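Asker: For reference, this is model.txt, and it has compact mmCIF, C-alpha atoms and all ligand atoms.
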```txt
# COMPACT_ATOMS: atom_id res chain seq x y z
CA MET I 182 83.91 113.75 229.70
CA GLU I 183 86.96 112.06 228.21
CA GLU I 184 84.81 108.96 227.57
CA ILE I 185 82.11 111.03 225.76
CA ASN I 186 84.75 112.75 223.62
CA LYS I 187 86.18 109.37 222.70
CA GLU I 188 82.74 108.13 221.67
CA LEU I 189 82.11 111.28 219.65
CA ARG I 190 85.43 110.88 217.84
CA GLU I 191 84.48 107.26 217.09
CA ILE I 192 81.07 108.31 215.69
CA ILE I 193 82.66 111.01 213.52
CA ARG I 194 85.27 108.55 212.25
CA SER I 195 82.55 106.00 211.34
CA LEU I 196 80.47 108.70 209.66
CA LYS I 197 83.44 109.87 207.60
CA GLY I 198 84.19 106.29 206.56
CA TYR I 199 80.57 105.70 205.57
CA MET I 200 80.37 108.94 203.55
CA LYS I 201 83.65 108.18 201.82
CA ALA I 202 82.44 104.69 200.90
CA GLU I 203 79.13 106.04 199.57
CA SER I 204 80.88 108.75 197.55
CA LEU I 205 83.22 106.11 196.04
CA ALA I 206 80.05 104.32 194.94
CA GLY I 207 78.77 107.48 193.22
CA ILE I 208 76.40 108.69 195.95
CA GLU I 209 76.94 112.44 196.13
CA GLU I 210 74.16 113.64 198.41
CA PHE I 211 73.61 112.98 202.12
CA TYR I 212 70.43 113.94 203.92
CA LEU I 213 70.18 114.91 207.55
CA ASN I 214 66.43 115.49 207.74
CA PRO I 215 63.42 113.37 206.85
CA THR I 216 62.73 114.93 203.42
CA VAL I 217 64.60 114.63 200.18
CA VAL I 218 64.45 116.34 196.77
CA HIS I 219 64.11 113.37 194.50
CA GLY I 220 63.54 114.18 190.83
CA ASP I 221 59.87 115.10 190.93
CA GLY I 222 59.93 117.09 194.16
CA VAL I 223 60.27 116.78 197.92
CA ARG I 224 58.93 113.64 199.52
CA PRO I 225 59.38 111.79 202.80
CA LEU I 226 62.53 109.78 203.16
CA ALA I 227 60.80 107.03 205.10
CA GLU I 228 62.11 104.33 202.76
CA SER I 229 65.70 105.54 203.10
CA LEU I 230 65.34 105.81 206.85
CA SER I 231 64.08 102.27 206.96
CA LEU I 232 67.01 101.16 204.85
CA GLU I 233 69.29 103.01 207.21
CA SER I 234 67.76 101.32 210.25
CA LEU I 235 68.21 97.96 208.53
CA ARG I 236 71.79 98.92 207.72
CA ASN I 237 72.36 99.62 211.41
CA GLU I 238 70.87 96.27 212.35
CA VAL I 239 73.19 94.51 209.93
CA ALA I 240 76.16 96.45 211.30
CA ASN I 241 75.44 94.98 214.76
CA CYS I 242 74.20 91.59 213.61
CA LYS I 243 75.54 88.45 215.28
CA LEU I 244 72.89 86.05 214.00
CA CYS I 245 75.45 83.77 212.38
CA PRO I 246 79.18 83.20 212.97
CA LEU I 247 80.24 85.24 209.91
CA TYR I 248 80.24 88.41 212.01
CA LYS I 249 83.38 87.13 213.72
CA THR I 250 85.47 87.02 210.54
CA ARG I 251 84.06 89.93 208.53
CA LYS I 252 86.02 93.18 208.27
CA ASN I 253 82.89 95.11 207.29
CA PRO I 254 79.29 94.10 206.72
CA VAL I 255 78.17 94.78 203.15
CA PHE I 256 74.58 95.92 203.38
CA GLY I 257 74.07 97.15 199.81
CA ASN I 258 73.91 100.50 198.08
CA GLY I 259 72.30 102.48 195.31
CA SER I 260 68.98 104.22 194.92
CA PRO I 261 66.39 103.57 197.67
CA LYS I 262 63.77 104.09 194.93
CA ALA I 263 65.42 101.79 192.39
CA ARG I 264 63.14 100.11 189.86
CA LEU I 265 65.81 97.46 189.34
CA VAL I 266 67.70 95.59 192.08
CA PHE I 267 70.65 93.27 191.49
CA VAL I 268 71.10 90.51 194.05
CA GLY I 269 74.35 88.55 194.25
CA GLU I 270 75.61 85.83 196.55
CA ALA I 271 77.92 87.23 199.24
CA PRO I 272 80.70 89.79 199.67
CA GLY I 273 84.16 88.81 198.46
CA ARG I 274 87.54 90.09 199.62
CA ASP I 275 87.31 93.58 198.06
CA GLU I 276 83.73 94.03 199.23
CA ASP I 277 84.65 92.95 202.76
CA ILE I 278 87.48 95.51 202.85
CA GLN I 279 85.43 98.39 201.45
CA GLY I 280 82.03 97.52 202.93
CA LEU I 281 80.45 97.92 199.48
CA PRO I 282 78.84 95.39 197.14
CA PHE I 283 80.41 94.40 193.81
CA VAL I 284 83.56 96.51 193.85
CA GLY I 285 86.12 93.90 192.68
CA ARG I 286 86.66 92.68 189.12
CA ALA I 287 83.21 91.11 189.00
CA GLY I 288 81.81 94.41 190.25
CA GLU I 289 83.56 96.33 187.48
CA LEU I 290 81.94 94.01 184.96
CA LEU I 291 78.54 94.48 186.60
CA THR I 292 79.04 98.27 186.37
CA LYS I 293 79.76 97.91 182.63
CA ILE I 294 76.61 95.83 182.19
CA ILE I 295 74.52 98.44 184.04
CA GLU I 296 76.02 101.24 181.94
CA ALA I 297 75.38 99.29 178.73
CA MET I 298 71.72 99.24 179.82
CA GLY I 299 71.78 103.04 179.79
CA LEU I 300 71.80 103.26 183.59
CA ALA I 301 74.32 104.15 186.30
CA ARG I 302 74.97 102.31 189.55
CA ARG I 303 73.24 105.07 191.43
CA ASP I 304 70.02 104.37 189.46
CA VAL I 305 69.80 100.76 190.64
CA TYR I 306 70.26 99.00 193.97
CA ILE I 307 72.90 96.31 194.48
CA CYS I 308 73.06 93.85 197.37
CA ASN I 309 73.74 90.23 198.25
CA ILE I 310 71.99 87.33 199.94
CA LEU I 311 74.63 87.29 202.70
CA LYS I 312 75.79 90.57 204.21
CA CYS I 313 79.10 89.22 205.57
CA ARG I 314 81.92 87.51 203.70
CA PRO I 315 82.24 83.74 204.08
CA PRO I 316 85.92 82.91 204.86
CA GLU I 317 88.00 82.23 201.73
CA ASN I 318 84.91 83.00 199.65
CA ARG I 319 83.47 79.56 200.30
CA ASN I 320 79.84 78.90 199.40
CA PRO I 321 77.25 80.22 201.86
CA LEU I 322 75.97 77.59 204.31
CA PRO I 323 72.22 76.94 204.56
CA THR I 324 72.27 78.11 208.20
CA GLU I 325 73.93 81.40 207.19
CA ILE I 326 71.41 81.94 204.41
CA ALA I 327 68.53 81.19 206.77
CA ALA I 328 69.91 83.66 209.33
CA CYS I 329 70.51 86.46 206.81
CA GLN I 330 67.76 86.26 204.21
CA GLU I 331 65.24 88.26 206.23
CA TYR I 332 67.41 91.35 205.73
CA LEU I 333 67.09 90.93 201.97
CA TRP I 334 63.33 90.43 202.16
CA GLN I 335 63.07 93.66 204.14
CA GLN I 336 65.34 95.55 201.75
CA LEU I 337 63.13 94.48 198.83
CA GLU I 338 60.00 95.41 200.76
CA VAL I 339 61.33 98.92 201.41
CA ILE I 340 62.70 99.50 197.89
CA ASN I 341 59.75 97.79 196.19
CA PRO I 342 61.44 97.40 192.79
CA GLU I 343 59.70 96.36 189.59
CA VAL I 344 62.43 93.92 188.63
CA VAL I 345 65.06 91.95 190.54
CA CYS I 346 67.98 90.49 188.63
CA CYS I 347 69.38 87.44 190.43
CA LEU I 348 73.08 86.99 189.79
CA GLY I 349 74.15 83.36 189.93
CA LYS I 350 72.98 80.08 191.39
CA PHE I 351 72.74 80.99 195.07
CA ALA I 352 70.75 84.17 194.63
CA CYS I 353 68.33 82.32 192.33
CA GLN I 354 67.97 79.36 194.64
CA VAL I 355 67.28 81.53 197.68
CA LEU I 356 65.00 84.08 196.07
CA LEU I 357 63.08 81.65 193.91
CA ASN I 358 63.27 78.63 196.21
CA GLN I 359 64.43 76.63 193.19
CA ASP I 360 66.99 73.90 192.93
CA LEU I 361 67.35 74.06 189.15
CA ALA I 362 70.68 74.99 187.56
CA ILE I 363 71.08 78.61 186.51
CA THR I 364 71.36 77.44 182.88
CA LYS I 365 67.78 76.15 183.17
CA LEU I 366 66.43 79.17 185.06
CA ARG I 367 68.00 82.09 183.21
CA GLY I 368 66.32 84.08 180.50
CA LYS I 369 62.74 83.89 181.81
CA PHE I 370 60.95 86.12 184.29
CA LEU I 371 59.84 84.36 187.47
CA ASP I 372 57.94 85.72 190.45
CA PHE I 373 59.01 86.68 193.96
CA ARG I 374 56.14 88.13 196.02
CA GLY I 375 54.75 89.96 192.99
CA ILE I 376 58.16 91.22 191.77
CA LYS I 377 59.46 90.05 188.41
CA VAL I 378 62.74 88.18 188.84
CA MET I 379 65.23 87.59 186.03
CA PRO I 380 67.84 84.95 186.84
CA THR I 381 71.15 85.29 185.03
CA PHE I 382 74.81 84.37 185.38
CA HIS I 383 76.98 85.95 188.07
CA PRO I 384 79.58 88.42 186.68
CA ALA I 385 82.33 86.30 188.32
CA TYR I 386 81.18 83.42 186.10
CA LEU I 387 81.38 85.73 183.07
CA LEU I 388 85.01 86.55 183.90
CA ARG I 389 85.78 82.84 183.64
CA ASN I 390 83.39 82.19 180.73
CA PRO I 391 83.28 85.32 178.53
CA GLY I 392 81.23 83.41 175.95
CA ALA I 393 78.22 83.62 178.31
CA LYS I 394 78.18 87.44 178.13
CA ARG I 395 75.98 87.19 175.06
CA LEU I 396 73.33 85.30 177.06
CA VAL I 397 73.48 87.79 179.94
CA TRP I 398 73.02 90.63 177.48
CA GLN I 399 69.90 88.89 176.15
CA ASP I 400 68.59 88.74 179.73
CA MET I 401 69.40 92.43 180.30
CA GLN I 402 67.53 93.37 177.14
CA LYS I 403 64.44 91.60 178.51
CA ILE I 404 64.79 93.61 181.72
CA MET I 405 65.15 96.87 179.76
CA LYS I 406 62.02 96.03 177.79
CA GLU I 407 60.13 95.31 181.01
CA LEU I 408 61.25 98.61 182.57
CA LYS I 409 60.10 100.52 179.49
CA LYS I 410 56.52 99.21 179.82
S1 LIG D 501 75.87 87.14 207.39
FE1 LIG D 501 73.92 88.09 207.87
S2 LIG D 501 73.08 86.89 209.57
FE2 LIG D 501 75.31 86.45 209.47
S3 LIG D 501 76.22 87.96 210.87
FE3 LIG D 501 76.27 88.84 208.81
S4 LIG D 501 74.40 90.10 208.71
FE4 LIG D 501 74.14 88.66 210.45
```
Once you've parsed the file, please lay out its structure as structure tokens.
Answerer:
Amino acid sequence: MEEINKELREIIRSLKGYMKAESLAGIEEFYLNPTVVHGDGVRPLAESLSLESLRNEVANCKLCPLYKTRKNPVFGNGSPKARLVFVGEAPGRDEDIQGLPFVGRAGELLTKIIEAMGLARRDVYICNILKCRPPENRNPLPTEIAACQEYLWQQLEVINPEVVCCLGKFACQVLLNQDLAITKLRGKFLDFRGIKVMPTFHPAYLLRNPGAKRLVWQDMQKIMKELKK
């Protein structure tokens, strides 16, 4: 009995932590049954449930050594019905601590970009190629990318967005299987399994090179135009 109580306390603690993290990210509603009121009425929450089962898989994942050094996996968050998904490289220090994507200084800049587009973070979905932080924020290794990328493919399959915005070199290289520099790729829509992909600079790059914000804004305007079609 004592063992069961301990497990229950652990589950409740995890649930509280998860709900707190989601509410910090602007998610205000939590559903405990398989239907959800979602703008135009009640519809099955199959997509969200699938995202949740993927989230659970990631939470227990040991497919690459990064699970040993992560504080928290960073699965992704936002709307499970998002028309626009942002994909970055990997969690950094702040993301690792909070278990949420893009919450550091680069994340604040991404939030400003999203708001300048007339959207909120809860309208889009934000995730990374890698779900666990590489130590000292080093670049992801090819073996880590190979181990983790299937989670991203499945997230995109469930969400089925109209547009994906790739943030930075790694996201573009992995999603588009391209070796070209981001300066050559950005600004034009490319294709990933029938989804339009707009490569652009990572917000962390913009913090170091504010002059490139103008180019990113041009890319965002193309995305806004596409979403209005
Ligand atoms: S980075 Fe991806 S593949 Fe590696 S342990 Fe984390 S979730 Fe698993």
Asker: Quick one: distance from CA of Gly375 (chain I) to CA of Leu333 (chain I) in Å, one decimal?
Answerer: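 Straight-line distance from CA of Gly375 (chain I) to CA of Leu333 (chain I) works out to 15.3 Å.
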Asker: Check the smallest atom-to-atom distance from each of I:Arg319, I:Arg303, I:Arg314, I:Lys410 to Arg251 (chain I) using only C-alpha atoms, then report the winner.
Answerer: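 Closest to Arg251 (chain I) of all the choices is I:Arg314.
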Asker: Could you check which of I:Glu276, I:Pro321, I:Leu265, I:Gly288 is closest to Glu407 (chain I), using all atoms listed in the file?
Answerer: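 With all atoms listed in the file as the atom set, the closest residue is I:Leu265.
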Asker: Give me the chain I side of the contact with ligand LIG 501 (chain D), cut-off 7 Å, one line per residue showing its nearest atom pair and distance in Å at one decimal, counting all atoms listed in the file, sorted by chain and residue number, as CSV.
Answerer:
```
residue,atom,partner,partner_atom,distance
I:Val239,CA,D:LIG501,S4,4.7
I:Cys242,CA,D:LIG501,FE4,4.3
I:Lys243,CA,D:LIG501,S3,4.5
I:Leu244,CA,D:LIG501,S2,4.5
I:Cys245,CA,D:LIG501,FE2,4.0
I:Pro246,CA,D:LIG501,S3,6.0
I:Leu247,CA,D:LIG501,S3,4.9
I:Tyr248,CA,D:LIG501,S3,4.2
I:Pro254,CA,D:LIG501,FE3,6.4
I:Leu311,CA,D:LIG501,S1,4.9
I:Lys312,CA,D:LIG501,S1,4.7
I:Cys313,CA,D:LIG501,S1,4.3
I:Glu325,CA,D:LIG501,FE2,5.7
I:Ala328,CA,D:LIG501,S2,4.5
I:Cys329,CA,D:LIG501,S2,3.8
```
Asker: For a quick check of understanding, using only C-alpha atoms, which of I:Cys353, I:Arg236, I:Pro323, I:Val266 has the smallest distance to Ile295 (chain I)?
Answerer: I:Val266
Asker: Fewer than 4 positions away in the same chain doesn't count, so skip those; otherwise give me all residues within 8 Å of His383 (chain I), counting only C-alpha atoms, as a short mmCIF file (atom, residue, chain, number, x, y, z; two decimals) with C-alpha atoms, keeping the file's coordinate frame.
Answerer:
```
data_model
loop_
_atom_site.label_atom_id
_atom_site.label_comp_id
_atom_site.auth_asym_id
_atom_site.auth_seq_id
_atom_site.Cartn_x
_atom_site.Cartn_y
_atom_site.Cartn_z
CA GLY I 269 74.35 88.55 194.25
CA LEU I 348 73.08 86.99 189.79
CA GLY I 349 74.15 83.36 189.93
CA LYS I 350 72.98 80.08 191.39
CA LEU I 387 81.38 85.73 183.07
#
```
Asker: Give the answer as one residue: which of I:Val355, I:Val397, I:Ala297, I:Val345 has the shortest atom-to-atom distance to Asp372 (chain I), using all atoms listed in the file?
Answerer: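 Residue with the minimum atom-to-atom distance to Asp372 (chain I): I:Val345.
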Asker: Just give me the gap between CA of Leu388 (chain I) and CA of Glu296 (chain I) in Å, one decimal is fine.
Answerer: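 Atom-to-atom, CA of Leu388 (chain I) to CA of Glu296 (chain I), that is 17.3 Å.
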Asker: Between I:Ile326, I:Ala271, I:Leu281, I:Val305, which has the minimum distance to Ile340 (chain I) (counting all atoms listed in the file)?
Answerer: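 Distance minimum relative to Ile340 (chain I) lands on I:Val305.
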Asker: List as a PDB file with C-alpha atoms, keeping the file's coordinate frame the protein and nucleic acid residues near region 399-402 of chain I, meaning an atom at most 9 Å away when all atoms listed in the file are counted, but skip any in the same chain fewer than 6 places from it.
Answerer:
```pdb
ATOM      1  CA  ILE I 294      76.610  95.830 182.190  1.00  0.00           C
ATOM      2  CA  ILE I 295      74.520  98.440 184.040  1.00  0.00           C
ATOM      3  CA  MET I 298      71.720  99.240 179.820  1.00  0.00           C
ATOM      4  CA  CYS I 346      67.980  90.490 188.630  1.00  0.00           C
ATOM      5  CA  ARG I 367      68.000  82.090 183.210  1.00  0.00           C
ATOM      6  CA  GLY I 368      66.320  84.080 180.500  1.00  0.00           C
ATOM      7  CA  LYS I 369      62.740  83.890 181.810  1.00  0.00           C
ATOM      8  CA  MET I 379      65.230  87.590 186.030  1.00  0.00           C
ATOM      9  CA  PRO I 380      67.840  84.950 186.840  1.00  0.00           C
ATOM     10  CA  THR I 381      71.150  85.290 185.030  1.00  0.00           C
TER      11      THR I 381
END
```
Asker: So, counting only C-alpha atoms, which residue among I:Arg264, I:Lys394, I:Lys406, I:Arg374 is closest to Glu343 (chain I)?
Answerer: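 Looking only at the distances to Glu343 (chain I), the closest residue turns out to be I:Arg264.
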Asker: Just to confirm, what's the straight-line distance from CA of Tyr306 (chain I) to CA of Ala263 (chain I) in Å (one decimal)?
Answerer: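 For CA of Tyr306 (chain I) relative to CA of Ala263 (chain I), the distance reads 5.8 Å.
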